[in-house]
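This is run07.tsv (TSV, C-alpha atoms).
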chain	number	residue	atom	x	y	z
A	9	MET	CA	30.80	-3.59	6.23
A	10	ILE	CA	31.10	0.20	6.07
A	11	VAL	CA	28.84	0.58	9.15
A	12	LEU	CA	31.07	-1.89	11.01
A	13	LEU	CA	34.14	0.15	10.08
A	14	LEU	CA	32.36	3.34	11.16
A	15	ILE	CA	31.58	1.81	14.57
A	16	LEU	CA	35.18	0.64	14.88
A	17	HIS	CA	36.35	4.14	13.89
A	18	GLY	CA	34.14	5.57	16.65
A	19	LEU	CA	35.39	3.09	19.27
A	20	VAL	CA	39.03	3.81	18.42
A	21	GLY	CA	38.14	7.50	18.67
A	22	VAL	CA	36.74	7.01	22.18
A	23	ALA	CA	39.89	5.17	23.30
A	24	LEU	CA	42.07	7.89	21.76
A	25	LEU	CA	40.01	10.63	23.40
A	26	GLY	CA	40.46	8.98	26.78
A	27	ALA	CA	44.19	8.43	26.37
A	28	ILE	CA	45.11	11.90	25.05
A	29	THR	CA	42.89	13.70	27.58
A	30	HIS	CA	44.36	11.70	30.44
A	31	GLN	CA	47.89	12.42	29.24
A	32	ALA	CA	47.21	16.13	28.69
A	33	VAL	CA	45.70	16.56	32.17
A	34	ALA	CA	48.56	14.58	33.73
A	35	VAL	CA	51.30	16.59	32.01
A	36	SER	CA	49.66	19.89	32.98
A	37	SER	CA	49.07	18.82	36.56
A	38	ALA	CA	52.70	17.81	36.89
A	39	SER	CA	53.74	21.35	36.13
A	40	ARG	CA	51.00	23.23	37.98
A	41	GLY	CA	50.03	20.95	40.85
A	42	PRO	CA	46.71	19.18	41.42
A	43	SER	CA	43.65	21.26	42.29
A	44	THR	CA	41.24	18.64	43.62
A	45	ALA	CA	41.45	15.11	44.97
A	46	PHE	CA	39.77	13.64	41.88
A	47	LEU	CA	42.08	15.49	39.51
A	48	SER	CA	45.02	14.48	41.65
A	49	ARG	CA	44.16	10.79	41.29
A	50	TYR	CA	43.27	11.23	37.60
A	51	ALA	CA	46.58	12.95	36.91
A	52	ARG	CA	48.71	10.57	38.95
A	53	VAL	CA	49.74	8.48	35.96
A	54	SER	CA	52.92	8.20	33.95
A	55	SER	CA	52.12	10.52	31.03
A	56	LYS	CA	55.04	9.10	29.07
A	57	ALA	CA	53.39	5.68	29.02
A	58	PHE	CA	50.51	7.14	26.97
A	59	SER	CA	52.52	8.49	24.04
A	60	ARG	CA	52.94	5.21	22.13
A	61	ALA	CA	49.29	4.24	22.67
A	62	VAL	CA	48.12	7.69	21.57
A	63	ALA	CA	50.22	7.57	18.39
A	64	ILE	CA	49.04	4.05	17.47
A	65	LEU	CA	45.39	4.90	18.15
A	66	PHE	CA	45.68	8.14	16.17
A	67	VAL	CA	47.17	6.35	13.14
A	68	VAL	CA	44.57	3.54	13.33
A	69	SER	CA	41.80	6.13	13.59
A	70	ILE	CA	43.09	8.06	10.56
A	71	VAL	CA	43.49	4.86	8.51
A	72	LEU	CA	39.94	3.76	9.36
A	73	GLY	CA	38.67	7.25	8.55
A	74	ALA	CA	40.52	7.21	5.23
A	75	VAL	CA	38.91	3.85	4.35
A	76	ILE	CA	35.41	5.12	5.20
A	77	TYR	CA	35.96	8.52	3.57
A	78	PRO	CA	34.96	7.54	-0.01
A	79	SER	CA	31.57	6.31	1.29
A	80	TYR	CA	31.10	9.65	3.05
A	81	ARG	CA	31.96	11.48	-0.18
A	82	LEU	CA	29.31	9.62	-2.15
A	83	ASP	CA	26.58	8.72	0.37
A	84	VAL	CA	26.71	11.56	2.89
A	85	ARG	CA	28.27	14.67	1.36
A	86	VAL	CA	26.08	14.68	-1.75
A	87	PRO	CA	22.80	14.57	0.27
A	88	LEU	CA	24.19	17.21	2.67
A	89	GLU	CA	24.87	19.48	-0.32
A	90	GLU	CA	21.39	18.80	-1.68
A	91	MET	CA	19.96	19.77	1.73
A	92	GLN	CA	22.08	22.95	1.48
A	93	LEU	CA	23.81	22.11	4.76
A	94	ASN	CA	27.02	23.76	3.66
A	95	TRP	CA	28.17	24.36	7.23
A	96	ALA	CA	28.06	20.58	7.88
A	97	VAL	CA	30.13	19.91	4.75
A	98	GLY	CA	32.53	22.64	5.91
A	99	VAL	CA	32.81	21.18	9.42
A	100	PHE	CA	33.68	17.78	7.93
A	101	GLU	CA	36.23	19.43	5.61
A	102	ILE	CA	37.87	21.03	8.66
A	103	LYS	CA	37.84	17.63	10.38
A	104	GLU	CA	39.66	15.92	7.51
A	105	HIS	CA	42.32	18.65	7.23
A	106	PHE	CA	42.87	18.80	11.00
A	107	GLY	CA	43.18	15.00	10.97
A	108	GLY	CA	45.97	15.17	8.38
A	109	ILE	CA	47.73	17.95	10.30
A	110	GLY	CA	47.40	15.87	13.48
A	111	LEU	CA	49.11	13.00	11.70
A	112	ALA	CA	51.98	15.34	10.83
A	113	LEU	CA	52.09	16.53	14.45
A	114	LEU	CA	52.85	13.00	15.71
A	115	PRO	CA	56.63	13.08	14.94
A	116	LEU	CA	56.96	16.33	16.94
A	117	TYR	CA	54.80	14.82	19.69
A	118	PHE	CA	57.13	11.78	19.86
A	119	TYR	CA	60.17	14.08	19.81
A	120	CYS	CA	58.80	16.01	22.80
A	121	TRP	CA	58.08	12.81	24.74
A	122	ASP	CA	61.51	11.28	24.04
A	123	GLU	CA	63.22	11.01	27.44
A	124	SER	CA	66.66	11.50	25.90
A	125	ARG	CA	65.52	14.96	24.73
A	126	ALA	CA	63.69	15.95	27.89
A	127	ALA	CA	66.09	18.80	28.58
A	128	VAL	CA	65.41	20.40	25.21
A	129	ALA	CA	61.86	19.35	24.36
A	130	GLY	CA	60.37	18.81	27.82
A	131	ALA	CA	59.00	22.34	27.99
A	132	ALA	CA	57.04	21.85	24.76
A	133	ARG	CA	55.35	18.62	25.90
A	134	ALA	CA	52.27	20.15	27.46
A	135	THR	CA	51.53	22.50	24.54
A	136	VAL	CA	52.03	19.84	21.86
A	137	THR	CA	49.94	17.32	23.84
A	138	TRP	CA	47.11	19.81	24.34
A	139	LEU	CA	47.21	20.74	20.65
A	140	LEU	CA	46.88	17.08	19.70
A	141	ALA	CA	44.10	16.70	22.27
A	142	PHE	CA	42.27	19.65	20.69
A	143	ILE	CA	42.54	18.02	17.24
A	144	VAL	CA	41.27	14.70	18.61
A	145	TRP	CA	38.33	16.34	20.41
A	146	PHE	CA	37.42	18.48	17.40
A	147	THR	CA	37.56	15.60	14.91
A	148	PHE	CA	35.57	13.34	17.25
A	149	VAL	CA	32.79	15.83	17.97
A	150	SER	CA	32.52	17.12	14.38
A	151	GLY	CA	32.38	13.57	13.01
A	152	HIS	CA	29.67	12.76	15.52
A	153	VAL	CA	27.63	15.85	14.58
A	154	VAL	CA	27.83	15.12	10.83
A	155	ASN	CA	26.98	11.46	11.44
A	156	ASN	CA	23.90	12.57	13.42
A	157	LEU	CA	22.79	14.76	10.51
A	158	ARG	CA	23.21	12.04	7.90
A	159	GLY	CA	24.96	8.83	8.86
A	160	LEU	CA	26.47	6.20	6.62
A	161	GLY	CA	24.01	3.47	5.71
A	162	THR	CA	20.91	5.68	6.18
B	10	MET	CA	65.14	6.13	11.33
B	11	LYS	CA	67.91	8.12	13.03
B	12	PHE	CA	68.61	9.93	9.74
B	13	LEU	CA	65.11	11.47	9.77
B	14	SER	CA	64.50	14.54	11.89
B	15	ARG	CA	61.05	14.34	13.49
B	16	PRO	CA	60.54	18.06	14.21
B	17	TRP	CA	61.60	19.00	10.69
B	18	PHE	CA	58.97	16.63	9.27
B	19	THR	CA	56.25	18.41	11.25
B	20	ILE	CA	57.62	21.83	10.25
B	21	GLY	CA	57.88	20.90	6.55
B	22	PHE	CA	54.45	19.29	6.38
B	23	CYS	CA	52.65	21.99	8.33
B	24	LEU	CA	54.21	25.06	6.73
B	25	SER	CA	53.75	23.66	3.21
B	26	TYR	CA	50.18	22.46	3.82
B	27	PRO	CA	48.37	25.80	3.39
B	28	PHE	CA	50.22	26.38	0.08
B	29	VAL	CA	49.57	22.83	-1.12
B	30	PHE	CA	45.90	23.19	-0.19
B	31	ALA	CA	45.48	26.70	-1.62
B	32	ASN	CA	47.06	25.75	-4.95
B	33	ASP	CA	45.47	22.28	-5.02
B	34	TRP	CA	48.84	20.58	-5.50
B	35	ALA	CA	47.40	17.13	-4.77
B	36	LEU	CA	49.88	14.42	-5.77
B	37	PHE	CA	46.96	12.36	-7.05
B	38	LEU	CA	43.18	12.35	-6.99
B	39	TYR	CA	40.86	9.55	-5.97
B	40	PHE	CA	37.54	9.00	-7.71
B	41	PRO	CA	35.32	7.01	-5.33
B	42	GLN	CA	32.56	6.34	-7.86
B	43	SER	CA	34.89	4.56	-10.27
B	44	GLN	CA	37.31	3.56	-7.45
B	45	ARG	CA	40.29	4.85	-9.39
B	46	PHE	CA	43.36	6.89	-8.55
B	47	HIS	CA	44.30	9.48	-11.10
B	48	TRP	CA	47.51	11.41	-11.64
B	49	GLY	CA	47.42	14.92	-13.03
B	50	PRO	CA	44.44	17.21	-13.64
B	51	GLU	CA	40.89	16.29	-12.74
B	52	ALA	CA	39.14	13.89	-15.13
B	53	GLN	CA	35.56	14.85	-15.96
B	54	ASP	CA	34.08	11.41	-16.58
B	55	LEU	CA	35.14	9.64	-13.38
B	56	GLY	CA	32.67	11.27	-10.95
B	57	PRO	CA	33.46	13.46	-7.92
B	58	ALA	CA	37.14	13.70	-7.06
B	59	MET	CA	38.70	13.43	-3.60
B	60	HIS	CA	41.72	15.67	-3.11
B	61	TRP	CA	42.58	15.09	0.57
B	62	TYR	CA	44.67	11.94	0.13
B	63	GLY	CA	46.77	13.64	-2.55
B	64	LEU	CA	47.16	16.88	-0.55
B	65	VAL	CA	48.41	14.95	2.48
B	66	ALA	CA	50.79	12.96	0.24
B	67	THR	CA	52.26	16.14	-1.29
B	68	ALA	CA	52.76	17.82	2.10
B	69	ALA	CA	54.23	14.56	3.46
B	70	ILE	CA	56.81	14.56	0.64
B	71	VAL	CA	57.83	18.11	1.60
B	72	GLY	CA	58.01	17.07	5.26
B	73	LEU	CA	60.03	13.96	4.41
B	74	ALA	CA	62.48	15.95	2.27
B	75	LEU	CA	62.98	18.49	5.04
B	76	SER	CA	63.36	15.76	7.67
B	77	LEU	CA	66.09	14.15	5.53
B	78	VAL	CA	67.99	17.42	5.11
B	79	GLY	CA	67.32	19.07	8.48
B	80	ARG	CA	69.04	18.16	11.74
B	81	ASP	CA	67.55	18.38	15.22
B	82	THR	CA	70.58	20.33	16.38
B	83	TRP	CA	69.76	23.14	13.95
B	84	ILE	CA	66.72	23.99	16.05
B	85	ALA	CA	67.77	26.15	18.99
B	86	PRO	CA	66.47	24.87	22.36
B	87	ARG	CA	64.51	28.09	22.93
B	88	VAL	CA	62.76	27.58	19.55
B	89	VAL	CA	61.63	24.00	20.33
B	90	ARG	CA	58.96	25.24	22.73
B	91	TRP	CA	57.43	27.29	19.89
B	92	LEU	CA	57.29	24.48	17.28
B	93	TRP	CA	53.61	23.92	18.07
B	94	LEU	CA	53.00	27.10	16.09
B	95	ALA	CA	53.69	25.23	12.81
B	96	PRO	CA	50.57	22.99	13.09
B	97	CYS	CA	48.61	26.06	14.21
B	98	VAL	CA	49.64	27.86	11.00
B	99	ALA	CA	48.43	24.86	8.97
B	100	MET	CA	45.14	24.73	10.89
B	101	LEU	CA	44.49	28.47	10.57
B	102	GLY	CA	45.40	28.34	6.87
B	103	SER	CA	42.91	25.51	6.36
B	104	LEU	CA	40.20	27.45	8.20
B	105	VAL	CA	40.76	30.51	6.00
B	106	LEU	CA	40.65	28.38	2.84
B	107	LEU	CA	37.42	26.68	3.98
B	108	ARG	CA	35.63	29.91	4.96
B	109	GLN	CA	33.35	29.74	1.90
B	110	PHE	CA	31.34	26.98	3.59
B	111	PHE	CA	30.30	29.31	6.40
B	112	ILE	CA	29.65	32.68	4.65
File written out as structure tokens:
Amino acid sequence: MIVLLLILHGLVGVALLGAITHQAVAVSSASRGPSTAFLSRYARVSSKAFSRAVAILFVVSIVLGAVIYPSYRLDVRVPLEEMQLNWAVGVFEIKEHFGGIGLALLPLYFYCWDESRAAVAGAARATVTWLLAFIVWFTFVSGHVVNNLRGLGT
Amino acid sequence: MKFLSRPWFTIGFCLSYPFVFANDWALFLYFPQSQRFHWGPEAQDLGPAMHWYGLVATAAIVGLALSLVGRDTWIAPRVVRWLWLAPCVAMLGSLVLLRQFFI
């Protein structure tokens, strides 16, 4: 069951990664102009349409991570500590804290993407979206690295 | 949810998070071995404790309180573009507090 949840967590993470990256590139391209034909096509999407999907995927990802987390604490962290892989434990600690901060960033993210506040918050959209994208990328890659070192169910 | 200010939630959560984390003001602890939540100080006989859920809950309470009291209009338009700094403060604070894993 826990392996199934871990796979689901990973799949949601992939979808989230795609959505937030697409939105971040699109919002930046809108302000700076496309540089290549591929980027132009990639960025030619309505960035606003992504915000709800990104928020839902982020919350689902955090909830799934929170459900799996106790198994990590018992079955993965303890062996990592025994193997003296403190850096791996530290990387996962950063991941969990960044994940919580990302969750708290969502209300500001929604505020910035609210069309009725575009005049006030529009300028902050790109920065807030890229910050959320950084958190998503970091949590995804660090989770993957720790799972490669010692995965759940091994 | 019109009575809740979204930016103030992010500000409250993020600026309180380093303090909550540094002082270990977790609202509750979770003990995965015995699958029990525990209020108050760490219990010795319940196995390893998990603090993250409680830390997020404490910071969320601060954020919620500030979002109830604060109004969007109190934030000057020129300040809105700098609100991303609040999560950055929380992230940098967390990195500093976790440095012992890397030195």
Residues of chain A were defined as contacting chain B if any atom lay at most 7 Å from it, counting only C-alpha atoms; please report them as a ChimeraX atom specification. /A:78,94-95,98,102,105-106,108-109,112-113,115-116,119,128-129,131-132,135-136
With only C-alpha atoms as the counted atoms, please give the residues lying no more than 9 Å from Leu13 in chain B, apart from itself and same-chain residues fewer than 5 positions off, as a count of residues only. 8
Of the listed residues A:Val33, A:Ala23, A:Val84, A:Ile76, that which approaches Ile64 in chain A most closely, counting only C-alpha atoms: A:Ala23
Restricting to all atoms listed in the file, whichever of A:Ala127, A:Val35, A:Leu65, A:Ile10 is closest to Tyr77 in chain A is A:Ile10
Give as a PyMOL selection string every residue, naming chains and numbers as the document does, that has an atom within 10 Å of (58.9, 12.3, 20.9), counting all atoms listed in the file. (chain A and resi 56+59-60+114-126+129-130+133) or (chain B and resi 15-16)
As JSON, please report the centre and edge lengths, rounded to one decimal in Å, of the axis-aligned box that holds all listed atoms of range 62-72 of chain B with 3 Å of padding on each of the six sides.
{"center_x": 51.3, "center_y": 15.0, "center_z": 1.4, "size_x": 19.3, "size_y": 12.2, "size_z": 13.8}
Residue among B:Gln53, B:Trp83, B:Leu24, B:Thr67 lying closest to Phe37 in chain B, counting only C-alpha atoms: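 Distance minimum relative to Phe37 in chain B lands on B:Thr67.
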Compare A:Leu157, A:Leu16, A:Val22, A:Leu139 by their minimum atom-to-atom distance to Gly110 in chain A, counting all atoms listed in the file, and give me the closest one. A:Leu139
Across B:Ile70, B:Asp54, B:Thr82, B:His60, the smallest distance to Ala31 in chain B, with all atoms listed in the file counted, is shown by B:His60
Find the distance between CA of Arg52 in chain A and CA of Ala34 in chain A and write it in Å to one decimal. 6.6 Å
Can you measure CA of Gly18 in chain A to CA of Ser48 in chain A for me? One decimal in Å is fine.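 According to the coordinates, CA of Gly18 in chain A and CA of Ser48 in chain A are separated by 28.7 Å.
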Of the residues B:Phe46, B:Gly63, B:Leu55, B:Phe12, which is the one nearest to Trp34 in chain B, using all atoms listed in the file?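 Smallest distance to Trp34 in chain B is found for B:Gly63.
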May I ask for the distance between CA of Glu89 in chain A and CA of Val68 in chain A, given in Å to one decimal place?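 CA of Val68 in chain A lies 28.8 Å from CA of Glu89 in chain A.
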